[in-house]
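Trainee: Below you'll find protein.cif; it's mmCIF, C-alpha atoms.
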data_start
loop_
_atom_site.label_atom_id
_atom_site.label_comp_id
_atom_site.auth_asym_id
_atom_site.auth_seq_id
_atom_site.Cartn_x
_atom_site.Cartn_y
_atom_site.Cartn_z
CA MET H 1 -36.43 4.52 93.19
CA ILE H 2 -38.22 6.05 96.16
CA LYS H 3 -35.30 8.41 96.73
CA THR H 4 -35.42 9.51 93.10
CA ARG H 5 -39.16 10.16 93.30
CA SER H 6 -38.74 12.10 96.51
CA ALA H 7 -35.96 14.17 94.98
CA LEU H 8 -38.07 14.92 91.91
CA ALA H 9 -41.08 15.88 94.03
CA LEU H 10 -38.90 18.14 96.16
CA ALA H 11 -37.39 19.76 93.07
CA ALA H 12 -40.87 20.36 91.62
CA LEU H 13 -42.01 21.89 94.89
CA ILE H 14 -38.98 24.19 95.04
CA LEU H 15 -39.45 25.25 91.41
CA THR H 16 -43.17 25.98 91.94
CA ALA H 17 -42.44 27.94 95.10
CA ALA H 18 -39.71 29.87 93.31
CA ALA H 19 -42.03 30.72 90.41
CA VAL H 20 -44.79 31.98 92.70
CA ARG H 21 -42.27 33.89 94.80
CA GLY H 22 -40.76 35.30 91.63
CA ALA H 23 -44.14 36.53 90.43
CA ALA H 24 -44.89 37.97 93.86
CA GLN H 25 -41.58 39.84 93.99
CA GLU H 26 -41.77 41.05 90.41
CA THR H 27 -41.75 44.77 89.90
CA ILE H 28 -43.93 46.10 87.11
CA ARG H 29 -43.22 49.71 86.19
CA SER H 30 -45.74 49.92 83.38
CA VAL H 31 -48.07 47.87 81.26
CA THR H 32 -48.83 48.74 77.68
CA LEU H 33 -50.95 47.10 75.01
CA GLU H 34 -49.79 46.56 71.44
CA GLU H 35 -52.59 45.82 69.00
CA VAL H 36 -51.92 42.69 66.98
CA LEU H 37 -55.30 41.94 65.42
CA SER H 38 -58.71 43.50 64.85
CA LEU H 39 -61.88 41.58 63.99
CA GLY H 40 -64.84 43.45 62.54
CA THR H 41 -64.90 47.04 61.40
CA LEU H 42 -67.39 49.87 61.03
CA ASP H 43 -67.58 49.09 57.33
CA ASP H 44 -68.28 45.39 57.31
CA ALA H 45 -70.81 43.06 58.90
CA ALA H 46 -68.34 40.58 60.37
CA ILE H 47 -69.48 41.38 63.91
CA LEU H 48 -72.67 43.21 64.81
CA GLN H 49 -72.49 43.30 68.61
CA TRP H 50 -70.25 40.84 70.38
CA THR H 51 -70.69 39.73 73.94
CA GLY H 52 -68.20 36.87 74.35
CA VAL H 53 -64.83 35.90 72.91
CA ALA H 54 -62.56 32.86 73.32
CA ALA H 55 -59.51 31.45 71.56
CA GLY H 56 -58.59 27.88 70.66
CA PRO H 57 -55.15 26.22 70.85
CA SER H 58 -54.19 27.11 67.27
CA GLY H 59 -55.03 30.76 67.71
CA GLU H 60 -58.49 30.50 66.17
CA ILE H 61 -60.90 33.00 67.65
CA TYR H 62 -64.53 32.42 68.54
CA VAL H 63 -66.90 35.35 68.89
CA LEU H 64 -70.40 35.27 70.33
CA ASP H 65 -72.41 37.85 68.42
CA ALA H 66 -75.61 38.81 70.27
CA MET H 67 -77.00 41.01 67.53
CA ASP H 68 -76.48 38.33 64.87
CA TYR H 69 -77.65 35.51 67.19
CA ALA H 70 -74.58 33.58 66.13
CA LEU H 71 -71.32 32.02 67.14
CA LYS H 72 -68.52 32.94 64.71
CA LYS H 73 -65.11 31.48 64.03
CA PHE H 74 -62.08 33.35 62.72
CA ASP H 75 -58.64 31.95 61.97
CA ALA H 76 -55.52 33.15 63.75
CA SER H 77 -54.98 35.86 61.14
CA GLY H 78 -58.48 37.23 61.67
CA ARG H 79 -60.06 35.77 58.54
CA PHE H 80 -63.74 34.91 58.98
CA LEU H 81 -64.26 31.16 58.62
CA LYS H 82 -67.84 30.32 59.52
CA LYS H 83 -70.78 31.05 61.74
CA SER H 84 -73.50 29.02 63.43
CA GLY H 85 -76.91 29.76 64.85
CA HIS H 86 -79.75 32.20 64.40
CA GLN H 87 -82.59 33.63 66.44
CA GLY H 88 -84.82 31.04 68.04
CA ALA H 89 -85.29 28.58 70.86
CA GLY H 90 -84.45 25.42 68.94
CA PRO H 91 -81.27 23.35 69.05
CA GLY H 92 -78.26 25.53 68.36
CA GLU H 93 -80.33 28.71 68.28
CA PHE H 94 -80.04 31.78 70.45
CA LEU H 95 -82.46 34.19 72.07
CA ALA H 96 -80.03 36.36 74.02
CA PRO H 97 -76.50 34.93 73.92
CA ARG H 98 -74.35 36.57 76.55
CA VAL H 99 -71.38 34.55 77.83
CA LEU H 100 -68.87 32.28 76.07
CA ALA H 101 -66.30 29.85 77.46
CA TYR H 102 -63.90 27.45 75.72
CA SER H 103 -62.53 24.25 77.17
CA ALA H 104 -60.99 21.14 75.62
CA GLY H 105 -62.31 21.76 72.13
CA ARG H 106 -65.83 22.68 73.20
CA LEU H 107 -67.59 26.02 73.31
CA TYR H 108 -70.06 26.74 76.08
CA VAL H 109 -72.66 29.47 75.74
CA LEU H 110 -74.95 31.04 78.32
CA ASP H 111 -78.14 32.52 76.90
CA GLN H 112 -80.01 34.98 79.09
CA SER H 113 -83.36 33.64 77.94
CA ARG H 114 -82.61 29.91 78.01
CA LEU H 115 -81.87 27.60 80.90
CA GLY H 116 -78.77 25.45 80.83
CA ILE H 117 -75.54 25.60 78.85
CA LEU H 118 -75.46 25.34 75.06
CA VAL H 119 -72.52 23.28 73.80
CA PHE H 120 -70.82 23.49 70.41
CA ASP H 121 -67.72 21.77 69.07
CA ALA H 122 -64.73 23.64 67.67
CA GLU H 123 -66.32 23.61 64.20
CA LEU H 124 -69.41 25.31 65.65
CA ARG H 125 -71.59 22.23 65.35
CA TYR H 126 -74.26 22.24 68.01
CA LYS H 127 -73.85 19.25 70.30
CA THR H 128 -76.23 19.50 73.23
CA ALA H 129 -77.69 21.63 76.00
CA LEU H 130 -76.39 20.80 79.45
CA PRO H 131 -79.21 21.10 81.96
CA PHE H 132 -78.84 23.25 85.05
CA PRO H 133 -81.64 23.83 87.54
CA SER H 134 -81.30 27.61 87.74
CA MET H 135 -80.29 30.52 85.53
CA LEU H 136 -76.56 31.02 85.11
CA SER H 137 -74.72 34.28 84.69
CA MET H 138 -71.07 33.16 84.91
CA ILE H 139 -69.16 30.35 83.24
CA THR H 140 -65.42 29.88 83.06
CA GLU H 141 -62.97 27.07 82.40
CA ALA H 142 -61.74 25.36 85.57
CA GLY H 143 -59.18 23.03 84.02
CA PRO H 144 -59.45 21.09 80.74
CA GLY H 145 -63.00 19.88 80.25
CA ARG H 146 -64.15 21.35 83.55
CA LEU H 147 -66.39 24.34 84.04
CA ALA H 148 -67.14 26.63 86.94
CA VAL H 149 -70.59 28.22 86.90
CA SER H 150 -72.69 30.46 89.10
CA GLY H 151 -75.95 32.34 88.95
CA LEU H 152 -77.83 34.90 90.99
CA SER H 153 -79.64 33.84 94.17
CA PRO H 154 -82.49 35.43 96.13
CA VAL H 155 -81.64 37.55 99.15
CA GLY H 156 -80.98 35.42 102.23
CA GLN H 157 -79.81 32.36 100.32
CA PRO H 158 -76.19 31.25 99.90
CA ALA H 159 -74.33 31.88 96.65
CA ARG H 160 -72.38 29.00 95.16
CA ILE H 161 -69.87 28.17 92.50
CA SER H 162 -70.57 24.75 90.97
CA ILE H 163 -67.93 22.71 89.21
CA LEU H 164 -69.16 20.64 86.26
CA ASP H 165 -67.50 18.27 83.87
CA GLY H 166 -67.90 18.72 80.13
CA GLU H 167 -71.05 16.62 80.19
CA GLY H 168 -72.67 18.79 82.82
CA ARG H 169 -72.20 16.38 85.74
CA LEU H 170 -71.72 18.07 89.08
CA LEU H 171 -68.19 17.45 90.37
CA GLY H 172 -68.26 19.75 93.37
CA GLY H 173 -68.43 23.36 94.36
CA PHE H 174 -68.47 25.71 97.30
CA PRO H 175 -70.41 28.65 98.67
CA PHE H 176 -68.67 31.98 98.18
CA LEU H 177 -71.32 33.89 100.13
CA ASP H 178 -73.03 32.33 103.14
CA LYS H 179 -75.96 34.63 102.56
CA VAL H 180 -76.82 37.10 99.79
CA ASP H 181 -77.22 40.36 101.72
CA PHE H 182 -78.73 42.38 98.88
CA TYR H 183 -79.89 41.62 95.37
CA LEU H 184 -76.96 41.15 92.98
CA ALA H 185 -74.41 40.90 95.80
CA ASP H 186 -73.48 37.56 94.23
CA SER H 187 -72.93 38.82 90.68
CA ILE H 188 -69.36 37.79 89.88
CA ALA H 189 -66.82 37.24 87.17
CA ALA H 190 -64.30 34.48 87.83
CA ALA H 191 -61.07 32.96 86.59
CA ALA H 192 -59.39 29.70 87.65
CA ASP H 193 -55.64 29.03 87.72
CA ALA H 194 -53.81 25.79 86.95
CA GLU H 195 -53.86 24.75 90.60
CA GLY H 196 -57.63 25.02 90.76
CA ASN H 197 -57.73 28.26 92.74
CA PHE H 198 -60.47 30.73 91.90
CA TYR H 199 -60.29 34.47 91.55
CA LEU H 200 -63.64 36.21 92.03
CA ALA H 201 -64.44 39.77 90.96
CA PHE H 202 -67.69 41.12 92.39
CA PHE H 203 -69.69 43.28 89.99
CA PHE H 204 -71.71 45.18 92.59
CA GLN H 205 -69.29 45.05 95.51
CA ASP H 206 -65.84 46.51 96.10
CA ARG H 207 -64.44 43.05 96.56
CA LEU H 208 -61.92 40.75 94.89
CA GLU H 209 -61.11 37.33 96.30
CA LYS H 210 -58.86 34.36 95.78
CA ARG H 211 -60.23 31.05 96.94
CA ALA H 212 -58.66 27.60 97.17
CA PRO H 213 -60.23 24.72 95.22
CA ASP H 214 -62.26 23.82 98.31
CA GLY H 215 -63.56 27.39 98.59
CA LYS H 216 -61.34 28.49 101.46
CA LEU H 217 -60.68 32.22 101.34
CA LEU H 218 -57.00 32.89 100.58
CA TRP H 219 -57.12 36.67 100.29
CA ARG H 220 -59.56 39.51 99.81
CA TRP H 221 -58.86 42.92 98.31
CA SER H 222 -60.82 46.15 97.90
CA MET H 223 -60.14 49.62 96.57
CA GLY H 224 -61.50 51.18 99.74
CA GLY H 225 -62.10 54.90 99.87
CA PRO H 226 -65.38 56.52 98.90
CA ALA H 227 -66.55 53.59 96.87
CA ALA H 228 -69.49 52.42 98.95
CA GLN H 229 -72.44 50.94 97.08
CA GLU H 230 -75.54 53.08 96.56
CA MET H 231 -79.01 51.58 96.40
CA ASP H 232 -82.00 52.75 94.37
CA LYS H 233 -85.56 51.83 95.09
CA ILE H 234 -86.84 50.23 91.88
CA GLY H 235 -90.46 49.29 91.22
CA ALA H 236 -93.77 50.61 92.48
CA GLY H 237 -96.70 49.72 94.70
CA GLY H 238 -95.91 46.65 96.74
CA ASN H 239 -93.15 45.53 94.39
CA GLU H 240 -90.25 47.74 95.39
CA TYR H 241 -86.74 46.48 95.65
CA LEU H 242 -83.43 47.98 96.71
CA ILE H 243 -81.10 47.55 93.77
CA PRO H 244 -77.40 48.45 93.67
CA ARG H 245 -76.37 51.06 91.15
CA LYS H 246 -72.58 51.20 91.21
CA THR H 247 -70.48 48.64 89.39
CA PHE H 248 -67.01 47.79 90.66
CA TYR H 249 -65.36 44.87 88.82
CA LYS H 250 -66.60 43.57 85.49
CA SER H 251 -64.25 40.89 84.37
CA ALA H 252 -61.31 38.76 85.54
CA ALA H 253 -58.64 36.92 83.59
CA LEU H 254 -55.26 35.31 84.25
CA ASP H 255 -52.21 35.73 82.04
CA ARG H 256 -49.48 33.18 81.46
CA ARG H 257 -47.31 34.62 84.23
CA GLY H 258 -50.00 34.16 86.85
CA HIS H 259 -51.04 37.78 86.98
CA LEU H 260 -54.69 38.44 87.68
CA LEU H 261 -56.16 41.10 85.40
CA VAL H 262 -59.38 42.75 86.56
CA LEU H 263 -61.44 45.12 84.43
CA CYS H 264 -62.99 47.79 86.63
CA GLY H 265 -66.52 49.12 86.41
CA GLY H 266 -67.61 52.66 87.04
CA GLN H 267 -65.67 53.50 90.21
CA THR H 268 -62.25 54.30 88.80
CA LYS H 269 -60.98 57.25 86.81
CA HIS H 270 -61.67 55.61 83.45
CA PRO H 271 -64.93 53.61 83.68
CA SER H 272 -64.89 50.26 81.88
CA ARG H 273 -61.28 50.89 80.81
CA ASP H 274 -59.03 50.63 83.86
CA VAL H 275 -57.47 47.22 84.41
CA PHE H 276 -55.81 46.28 87.70
CA VAL H 277 -52.93 43.80 87.65
CA PHE H 278 -52.37 41.63 90.74
CA ASP H 279 -49.76 39.04 91.59
CA PRO H 280 -50.94 35.62 92.86
CA ALA H 281 -50.60 36.82 96.45
CA GLY H 282 -53.11 39.61 95.93
CA VAL H 283 -50.69 42.53 95.70
CA ARG H 284 -51.72 45.09 93.12
CA LYS H 285 -48.74 45.58 90.85
CA ALA H 286 -49.97 47.93 88.16
CA VAL H 287 -52.91 49.64 86.49
CA PHE H 288 -53.32 50.12 82.77
CA MET H 289 -56.07 51.44 80.55
CA LEU H 290 -57.84 49.82 77.61
CA PRO H 291 -57.87 52.00 74.49
CA GLU H 292 -61.69 51.87 74.49
CA PRO H 293 -64.35 50.98 77.07
CA SER H 294 -65.19 47.29 77.22
CA HIS H 295 -67.71 45.03 78.91
CA GLY H 296 -65.08 42.39 79.51
CA ILE H 297 -61.55 41.17 78.94
CA TYR H 298 -60.29 37.76 77.87
CA VAL H 299 -56.72 36.44 77.92
CA ASP H 300 -55.83 33.45 75.73
CA GLU H 301 -53.25 30.73 76.36
CA GLY H 302 -50.65 32.76 74.49
CA GLY H 303 -51.13 35.66 76.88
CA PHE H 304 -52.92 37.93 74.39
CA LEU H 305 -55.69 40.13 75.68
CA TYR H 306 -59.00 40.67 73.87
CA ALA H 307 -61.33 43.60 74.47
CA ARG H 308 -64.13 45.57 72.87
CA ALA H 309 -63.76 48.43 70.40
CA ASN H 310 -66.11 50.46 68.20
CA GLU H 311 -68.93 49.97 70.71
CA GLY H 312 -69.07 46.24 70.19
CA LEU H 313 -68.55 46.05 66.43
CA THR H 314 -64.91 45.11 66.86
CA VAL H 315 -62.83 42.66 68.85
CA LYS H 316 -59.27 43.87 69.41
CA LYS H 317 -56.43 41.51 70.24
CA TYR H 318 -53.43 42.96 72.09
CA ARG H 319 -50.01 41.85 73.23
CA ILE H 320 -49.52 42.75 76.88
CA VAL H 321 -46.10 44.33 77.39
CA TYR H 322 -44.86 44.40 80.99
CA ARG H 323 -41.90 46.63 81.78
CA MET Y 1 -72.45 54.50 56.71
CA ARG Y 2 -70.10 54.37 59.69
CA CYS Y 3 -72.26 56.75 61.70
CA LEU Y 4 -75.37 54.76 60.86
CA ARG Y 5 -73.77 51.50 61.91
CA ARG Y 6 -72.56 53.01 65.17
CA LEU Y 7 -75.98 54.49 65.87
CA PHE Y 8 -77.72 51.26 64.94
CA SER Y 9 -75.42 49.37 67.23
CA VAL Y 10 -76.05 51.61 70.21
CA VAL Y 11 -79.81 51.69 69.64
CA PHE Y 12 -79.87 47.92 69.24
CA VAL Y 13 -78.07 47.33 72.50
CA LEU Y 14 -80.44 49.58 74.35
CA LEU Y 15 -83.52 48.06 72.73
CA PHE Y 16 -82.59 44.45 73.19
CA LEU Y 17 -81.72 45.05 76.79
CA LEU Y 18 -84.69 47.23 77.52
CA GLY Y 19 -87.06 44.72 75.99
CA ALA Y 20 -90.67 45.70 76.37
CA ALA Y 21 -89.98 48.64 78.66
CA GLY Y 22 -92.27 51.50 77.83
CA PRO Y 23 -95.32 53.21 79.30
CA ALA Y 24 -94.73 51.76 82.76
CA LEU Y 25 -91.52 53.73 82.92
CA LEU Y 26 -92.78 57.22 82.41
CA HIS Y 27 -92.47 57.91 86.13
CA ALA Y 28 -88.87 56.87 86.20
CA ASP Y 29 -87.09 59.64 84.35
CA ALA Y 30 -84.37 59.92 86.95
CA LEU Y 31 -83.33 56.33 86.38
CA GLY Y 32 -80.77 55.04 83.94
CA PRO Y 33 -81.79 52.83 80.99
CA CYS Y 34 -81.01 49.57 82.76
CA GLN Y 35 -82.84 50.70 85.87
CA LYS Y 36 -85.85 51.59 83.75
CA ALA Y 37 -85.80 48.21 82.09
CA LEU Y 38 -85.55 46.55 85.47
CA ALA Y 39 -88.48 48.56 86.79
CA ALA Y 40 -90.61 47.47 83.84
CA CYS Y 41 -89.61 43.86 84.31
CA LEU Y 42 -90.37 43.88 88.04
CA LEU Y 43 -93.75 45.50 87.47
CA ALA Y 44 -94.83 43.01 84.81
CA PRO Y 45 -97.65 40.69 85.96
CA GLY Y 46 -96.35 37.65 87.79
CA ASN Y 47 -92.84 38.91 88.11
CA ASN Y 48 -92.99 39.35 91.88
CA LEU Y 49 -92.18 35.67 92.32
CA PRO Y 50 -88.65 34.99 93.60
CA TRP Y 51 -87.18 33.37 90.49
CA ASN Y 52 -88.90 35.85 88.17
CA ILE Y 53 -87.30 38.64 90.18
CA ILE Y 54 -83.97 36.91 89.68
CA ALA Y 55 -84.62 36.74 85.93
CA CYS Y 56 -85.29 40.49 85.90
CA LEU Y 57 -82.12 41.11 87.91
CA GLN Y 58 -80.19 38.95 85.49
CA GLY Y 59 -81.28 41.26 82.68
CA TYR Y 60 -80.23 44.27 84.72
CA ASP Y 61 -76.84 42.71 85.39
CA PHE Y 62 -76.14 42.07 81.71
CA CYS Y 63 -77.56 45.45 80.75
CA LYS Y 64 -75.13 47.21 83.10
CA ARG Y 65 -72.22 45.23 81.67
CA PHE Y 66 -72.95 46.04 78.05
CA VAL Y 67 -74.51 49.50 78.20
CA GLU Y 68 -72.22 51.23 80.67
CA PRO Y 69 -69.24 51.11 78.30
CA LEU Y 70 -71.44 52.80 75.69
CA LEU Y 71 -72.68 55.53 78.00
CA GLY Y 72 -69.54 56.03 80.04
CA ARG Y 73 -71.60 56.32 83.24
CA ASP Y 74 -74.00 54.43 85.48
CA ALA Y 75 -76.78 52.84 83.48
#
What do you get writing this file as structure tokens?
Mentor:
Amino acid sequence: MIKTRSALALAALILTAAAVRGAAQETIRSVTLEEVLSLGTLDDAAILQWTGVAAGPSGEIYVLDAMDYALKKFDASGRFLKKSGHQGAGPGEFLAPRVLAYSAGRLYVLDQSRLGILVFDAELRYKTALPFPSMLSMITEAGPGRLAVSGLSPVGQPARISILDGEGRLLGGFPFLDKVDFYLADSIAAAADAEGNFYLAFFFQDRLEKRAPDGKLLWRWSMGGPAAQEMDKIGAGGNEYLIPRKTFYKSAALDRRGHLLVLCGGQTKHPSRDVFVFDPAGVRKAVFMLPEPSHGIYVDEGGFLYARANEGLTVKKYRIVYR
Amino acid sequence: MRCLRRLFSVVFVLLFLLGAAGPALLHADALGPCQKALAACLLAPGNNLPWNIIACLQGYDFCKRFVEPLLGRDA
């Protein structure tokens, strides 16, 4: 019995190692996008200005519409099903909805003007608001029913990722910056893989990182070259602050093959369109371009990529074709 | 209709991110729209407290994310 278990464990280990090694050794000559679905057009009012998108296990698509102060649900064919919410500060209402995450049948929304995390079920019924002591700017799934969150910190303080369960209980976390050197140095997008590793994309720094579940740095990558940050003095009188101007990496997502996809900011040839593709070891394998500029990218469990079109009136769903 | 919707969309994004930015920004012509909004936020009474500064920066962060794809340049 013990021998059988040992053999199975060894086989699993070998298979996992082979898969990771396979992904690391994979050669990608090109990446292209094939459009498979489009939600919202210039001629309808399906979407007014979306900020977040997520997909459920049956292919249903959830869209967070900031201009409509609503969460919307579409079926897998793109047919509008229902919406929930309107402008306000009451239960299930939105003031400035910005970020959406899906995990284990629940939808989690960050609202710029409300503390905590608003929770909805898969039918868009408002469930609760999970309290959190400070403002949050990032939320992503970190395994079924688990969330990773972070927010901005004052200069001089550490920056942390906190891991929560679906009820908002703190499960753990780690600092990803010992000290915030300048305002917004800790603005990140993040994605978590099945092993609990985290990929961090820094918005105002030329910096991508992979961290183990305990926060240990596994690798760090940067474009290098003439991409140093530039600071502007913002404010007047005694209230002047040095604020970074350049944006580097806007969004991070993982595909089914373990590739990390990172949407770049303003420092590449095609601002808000260039997407870098990395293997799990942090080797950049390819670059491709979104058809239109986007504020973010999302990859669903089926490996389809979602991005912005028509200046936020449209969500496009693409098949990613690696050659 | 299409042009109007596009225009409305762009104007909306700028307005809802800029918030109450206005007269306080007249000196800041060299700044981008998100920088102007941030300046207005930082100069608002009471907003020199640490967590109010963070709230202003949070608005700047989101503004940059959503407006830069519209402008195609630093915002």
Trainee: If we count all atoms listed in the file and set the cut-off at 10 Å, which residues sit around Leu37 in chain H, ignoring sequence neighbours fewer than 5 positions away in its own chain? Please answer as a PyMOL selection string.
Mentor: chain H and resi 76-78+306+315-319
Trainee: How far is it from CA of Gln157 in chain H to CA of Ile53 in chain Y, in Å with one decimal?
Mentor: 14.1 Å
Trainee: Can you work out which residues from chain Y touch chain H at a cut-off of 6 Å (counting all atoms listed in the file) and hand them back as a PyMOL selection string?
Mentor: chain Y and resi 2+39+65-66+69
Trainee: I'd like to see the residues matched by the PyMOL selection byres ((chain H and resi 175) around 8) on this file, and ideally I'd get them as a list in words.
Mentor: Pro158, Ala159, Arg160, Ile161, Gly173, Phe174, Phe176, Leu177, Asp178 and Gly215 of chain H
Trainee: Expand the PyMOL selection byres ((chain H and resi 107) around 12) into the explicit residue set it covers here, and present it as an MDAnalysis selection string.
Mentor: chainID H and resid 52:56 61:64 71:73 84 92 99:106 108:110 117:130 139:141 145:147 166
Trainee: Next, dump the selected residues to file, keeping only C-alpha atoms, as a compact mmCIF listing (two decimals), in the frame of the given file.
Mentor:
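The new file out22.txt reads:
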# COMPACT_ATOMS: atom_id res chain seq x y z
CA GLY H 52 -68.20 36.87 74.35
CA VAL H 53 -64.83 35.90 72.91
CA ALA H 54 -62.56 32.86 73.32
CA ALA H 55 -59.51 31.45 71.56
CA GLY H 56 -58.59 27.88 70.66
CA ILE H 61 -60.90 33.00 67.65
CA TYR H 62 -64.53 32.42 68.54
CA VAL H 63 -66.90 35.35 68.89
CA LEU H 64 -70.40 35.27 70.33
CA LEU H 71 -71.32 32.02 67.14
CA LYS H 72 -68.52 32.94 64.71
CA LYS H 73 -65.11 31.48 64.03
CA SER H 84 -73.50 29.02 63.43
CA GLY H 92 -78.26 25.53 68.36
CA VAL H 99 -71.38 34.55 77.83
CA LEU H 100 -68.87 32.28 76.07
CA ALA H 101 -66.30 29.85 77.46
CA TYR H 102 -63.90 27.45 75.72
CA SER H 103 -62.53 24.25 77.17
CA ALA H 104 -60.99 21.14 75.62
CA GLY H 105 -62.31 21.76 72.13
CA ARG H 106 -65.83 22.68 73.20
CA TYR H 108 -70.06 26.74 76.08
CA VAL H 109 -72.66 29.47 75.74
CA LEU H 110 -74.95 31.04 78.32
CA ILE H 117 -75.54 25.60 78.85
CA LEU H 118 -75.46 25.34 75.06
CA VAL H 119 -72.52 23.28 73.80
CA PHE H 120 -70.82 23.49 70.41
CA ASP H 121 -67.72 21.77 69.07
CA ALA H 122 -64.73 23.64 67.67
CA GLU H 123 -66.32 23.61 64.20
CA LEU H 124 -69.41 25.31 65.65
CA ARG H 125 -71.59 22.23 65.35
CA TYR H 126 -74.26 22.24 68.01
CA LYS H 127 -73.85 19.25 70.30
CA THR H 128 -76.23 19.50 73.23
CA ALA H 129 -77.69 21.63 76.00
CA LEU H 130 -76.39 20.80 79.45
CA ILE H 139 -69.16 30.35 83.24
CA THR H 140 -65.42 29.88 83.06
CA GLU H 141 -62.97 27.07 82.40
CA GLY H 145 -63.00 19.88 80.25
CA ARG H 146 -64.15 21.35 83.55
CA LEU H 147 -66.39 24.34 84.04
CA GLY H 166 -67.90 18.72 80.13
Trainee: When distances are computed from all atoms listed in the file, which of H:Val321, H:Leu217, H:Leu242, H:Asp206 shows the smallest separation from Cys264 in chain H?
Mentor: H:Asp206
Trainee: Apply the PyMOL selection byres ((chain Y and resi 56) around 10) to the file shown and report the selected residues as a count of residues only.
Mentor: 20
Trainee: Fewer than 5 positions away in the same chain doesn't count, so skip those; otherwise give me all residues within 10 Å of Arg207 in chain H, counting all atoms listed in the file, as JSON, numbers by chain.
Mentor: {"H": [188, 200, 201, 202, 220, 221, 222, 223, 224, 248, 249]}
Trainee: I want to know what sits within 6 Å of range 190-192 of chain H, based on only C-alpha atoms, with residues of the same chain fewer than 5 positions away left out; could you give that as a PyMOL selection string?
Mentor: chain H and resi 142+197-200+252-253
Trainee: Name the residues in contact with His259 in chain H at a cut-off of 7 Å, using all atoms listed in the file, excluding same-chain residues fewer than 2 positions from it; report them as JSON, numbers by chain.
Mentor: {"H": [254, 255, 257, 261, 277, 278, 279, 280]}
Trainee: Around range 207-226 of chain H, with edges along x, y and z and 4 Å added on all six sides, what centre and edge lengths do you get, in Å to one decimal, as AutoDock Vina command-line options?
Mentor:
--center_x -61.2 --center_y 40.2 --center_z 98.2 --size_x 16.4 --size_y 40.7 --size_z 14.6
